[in-house]
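Everything on this sheet refers to the single structure shown next.
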Amino acid sequence: QVQLVESGGGLVQAGDSLRLSCTTSGRAFSSLAMGWFRQAPGKEREFAAAISRNGDNTYYTDSVKGRFTFSRDNAKNTVYLQMNSLRPEDTAVYYCAARLVLTSGNYFLKGEEYPYWGLGTQVTVSS
């Protein structure tokens with residue numbers, strides 16, 4: 001079993017930055033591929049970013065490329081989503097997700113590929 005706890009959300013103005021954190025427990029962190037998803041009010045959950053278990057490979061949805069950076073610190077069992085140049089359309093609840101993987105370099109883009117989820121952290125960007 002894997003437990004995920006997100007933190008770092010808040011209310012910011014357009015153009016500001018936030019760093020989300022997701023700390024895990026219960027399974028060897030280095031065996032986990034991780035993802036960030038987000039759900040805006042009235043919309044379906046969407047993929048935002050993914051990282052492989054070794055941290056070498058990342059992938060971003062087009063709308064966040066160049067603004068968001070996904071990283072991991074295996075010593076702290078934590079992943080981070082650095083979000084710069086925030087826009088009002090980034091407003092959403094951000095969820096951290098994890099799955100156990102055998103291959104170091106793989107990442108995953110679909111929500112159904114992740115069996116473990118956190119409860120989410122709210123990010124609100126005002127214009």
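Every chain in the structure tokens has a letter given in the order shown (A, B, ...), and although residue numbers restart at 1 in each chain, ligands are simply numbered from 1 in the order shown.
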Non-local contacts of segment 18-24 of chain A (9 Å; only C-alpha atoms; under 3 positions in same chain excluded) as a ChimeraX atom specification
/A:2-10,12,27-29,76-84,86,94-98,118,121,123
For segment 109-115 of chain A, please output as a PyMOL selection string all residues within 10 Å (counting only C-alpha atoms; exclusion window: fewer than 6 positions along the same chain).
chain A and resi 1-2+33-37+45-51+59-61+96-100
Write down as a PyMOL selection string the residues belonging to chain A that are assigned helix (DSSP H, G or I) by DSSP computed on the backbone.
chain A and resi 29-31+62-64+88-90+111-113
Restricting the output to N, CA, C and O atoms, write the selected residues as a PDB file, in the first residue's frame.
ATOM      1  N   PHE A  29       9.972   4.233  -2.249  1.00  0.00           N
ATOM      2  CA  PHE A  29       9.688   5.370  -3.119  1.00  0.00           C
ATOM      3  C   PHE A  29      10.363   5.219  -4.464  1.00  0.00           C
ATOM      4  O   PHE A  29       9.803   5.599  -5.496  1.00  0.00           O
ATOM      5  N   SER A  30      11.556   4.656  -4.465  1.00  0.00           N
ATOM      6  CA  SER A  30      12.310   4.540  -5.707  1.00  0.00           C
ATOM      7  C   SER A  30      11.693   3.557  -6.680  1.00  0.00           C
ATOM      8  O   SER A  30      12.109   3.485  -7.833  1.00  0.00           O
ATOM      9  N   SER A  31      10.690   2.801  -6.249  1.00  0.00           N
ATOM     10  CA  SER A  31       9.986   1.872  -7.129  1.00  0.00           C
ATOM     11  C   SER A  31       8.737   2.492  -7.753  1.00  0.00           C
ATOM     12  O   SER A  31       8.025   1.814  -8.491  1.00  0.00           O
ATOM     13  N   ASP A  62       0.680  19.788 -22.837  1.00  0.00           N
ATOM     14  CA  ASP A  62       1.125  20.959 -23.589  1.00  0.00           C
ATOM     15  C   ASP A  62       0.895  22.276 -22.852  1.00  0.00           C
ATOM     16  O   ASP A  62       1.715  23.199 -22.934  1.00  0.00           O
ATOM     17  N   SER A  63      -0.200  22.378 -22.138  1.00  0.00           N
ATOM     18  CA  SER A  63      -0.555  23.653 -21.515  1.00  0.00           C
ATOM     19  C   SER A  63       0.385  24.064 -20.384  1.00  0.00           C
ATOM     20  O   SER A  63       0.386  25.239 -19.981  1.00  0.00           O
ATOM     21  N   VAL A  64       1.193  23.132 -19.873  1.00  0.00           N
ATOM     22  CA  VAL A  64       2.099  23.470 -18.765  1.00  0.00           C
ATOM     23  C   VAL A  64       3.566  23.384 -19.162  1.00  0.00           C
ATOM     24  O   VAL A  64       4.436  23.752 -18.362  1.00  0.00           O
ATOM     25  N   PRO A  88      -4.782  31.900 -14.582  1.00  0.00           N
ATOM     26  CA  PRO A  88      -6.081  31.572 -13.978  1.00  0.00           C
ATOM     27  C   PRO A  88      -6.585  30.190 -14.407  1.00  0.00           C
ATOM     28  O   PRO A  88      -7.224  29.491 -13.601  1.00  0.00           O
ATOM     29  N   GLU A  89      -6.267  29.784 -15.606  1.00  0.00           N
ATOM     30  CA  GLU A  89      -6.733  28.467 -16.079  1.00  0.00           C
ATOM     31  C   GLU A  89      -5.988  27.309 -15.419  1.00  0.00           C
ATOM     32  O   GLU A  89      -6.346  26.145 -15.626  1.00  0.00           O
ATOM     33  N   ASP A  90      -4.972  27.596 -14.623  1.00  0.00           N
ATOM     34  CA  ASP A  90      -4.310  26.553 -13.843  1.00  0.00           C
ATOM     35  C   ASP A  90      -5.058  26.262 -12.544  1.00  0.00           C
ATOM     36  O   ASP A  90      -4.693  25.331 -11.821  1.00  0.00           O
ATOM     37  N   GLY A 111      -4.876   8.404 -15.923  1.00  0.00           N
ATOM     38  CA  GLY A 111      -5.261   8.246 -14.530  1.00  0.00           C
ATOM     39  C   GLY A 111      -5.477   6.803 -14.130  1.00  0.00           C
ATOM     40  O   GLY A 111      -5.123   6.397 -13.016  1.00  0.00           O
ATOM     41  N   GLU A 112      -6.043   6.019 -15.042  1.00  0.00           N
ATOM     42  CA  GLU A 112      -6.341   4.626 -14.700  1.00  0.00           C
ATOM     43  C   GLU A 112      -5.094   3.771 -14.561  1.00  0.00           C
ATOM     44  O   GLU A 112      -5.167   2.633 -14.108  1.00  0.00           O
ATOM     45  N   GLU A 113      -3.948   4.316 -14.937  1.00  0.00           N
ATOM     46  CA  GLU A 113      -2.699   3.586 -14.780  1.00  0.00           C
ATOM     47  C   GLU A 113      -2.108   3.742 -13.377  1.00  0.00           C
ATOM     48  O   GLU A 113      -1.106   3.113 -13.069  1.00  0.00           O
TER      49      GLU A 113
END
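Between atom CA of Leu32 of chain A and atom CA of Glu44 of chain A the interatomic distance comes to 24.7 Å.
Proximity to Ser52 of chain A was assessed for A:Gly26, A:Ser126, A:Arg72, A:Arg87 counting only C-alpha atoms; the smallest distance is recorded for A:Arg72.
The gap separating atom CA of Asp16 of chain A from atom CA of Phe68 of chain A is 12.0 Å, in Å to one decimal.
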Backbone DSSP call of strand (DSSP E) for chain A, listed as a PyMOL selection string:
chain A and resi 3-7+10-13+18-25+32-39+46-51+58-60+68-73+78-83+92-100+116-117+121-126
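Remark: for Val101 of chain A, the closest of the candidate residues A:Pro41, A:Ser85, A:Arg53, A:Tyr116 is A:Arg53 (distances computed over only C-alpha atoms).
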Please list as a PDB file with N, CA and C atoms, in the first residue's frame every residue within 12 Å of Lys43 of chain A, counting only C-alpha atoms and excluding residues in the same chain fewer than 3 positions away.
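Output file around_5.pdb follows:
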ATOM      1  N   ARG A  38      -4.884  17.153 -12.409  1.00  0.00           N
ATOM      2  CA  ARG A  38      -5.628  18.283 -11.840  1.00  0.00           C
ATOM      3  C   ARG A  38      -7.063  18.253 -12.315  1.00  0.00           C
ATOM      4  N   GLN A  39      -7.933  18.819 -11.483  1.00  0.00           N
ATOM      5  CA  GLN A  39      -9.349  18.869 -11.819  1.00  0.00           C
ATOM      6  C   GLN A  39      -9.877  20.249 -11.503  1.00  0.00           C
ATOM      7  N   ALA A  40     -10.275  20.956 -12.534  1.00  0.00           N
ATOM      8  CA  ALA A  40     -10.857  22.283 -12.377  1.00  0.00           C
ATOM      9  C   ALA A  40     -12.344  22.160 -12.088  1.00  0.00           C
ATOM     10  N   GLU A  46      -7.660  15.910 -15.405  1.00  0.00           N
ATOM     11  CA  GLU A  46      -6.768  15.839 -16.555  1.00  0.00           C
ATOM     12  C   GLU A  46      -5.327  15.627 -16.095  1.00  0.00           C
ATOM     13  N   GLU A  89      -6.267  29.784 -15.606  1.00  0.00           N
ATOM     14  CA  GLU A  89      -6.733  28.467 -16.079  1.00  0.00           C
ATOM     15  C   GLU A  89      -5.988  27.309 -15.419  1.00  0.00           C
ATOM     16  N   THR A  91      -6.067  27.052 -12.251  1.00  0.00           N
ATOM     17  CA  THR A  91      -6.859  26.839 -11.041  1.00  0.00           C
ATOM     18  C   THR A  91      -7.493  25.461 -11.061  1.00  0.00           C
ATOM     19  N   ALA A  92      -7.232  24.678 -10.016  1.00  0.00           N
ATOM     20  CA  ALA A  92      -7.730  23.310  -9.951  1.00  0.00           C
ATOM     21  C   ALA A  92      -7.307  22.689  -8.624  1.00  0.00           C
ATOM     22  N   VAL A  93      -7.884  21.542  -8.342  1.00  0.00           N
ATOM     23  CA  VAL A  93      -7.342  20.684  -7.291  1.00  0.00           C
ATOM     24  C   VAL A  93      -6.290  19.801  -7.949  1.00  0.00           C
TER      25      VAL A  93
END
For Thr58 of chain A, the nearest of the candidates A:Ser25, A:Ser104, A:Ser127, A:Gln122, counting only C-alpha atoms:
A:Ser104
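Relative to atom CA of Gly120 of chain A, atom CA of Asp73 of chain A is found at 19.7 Å.
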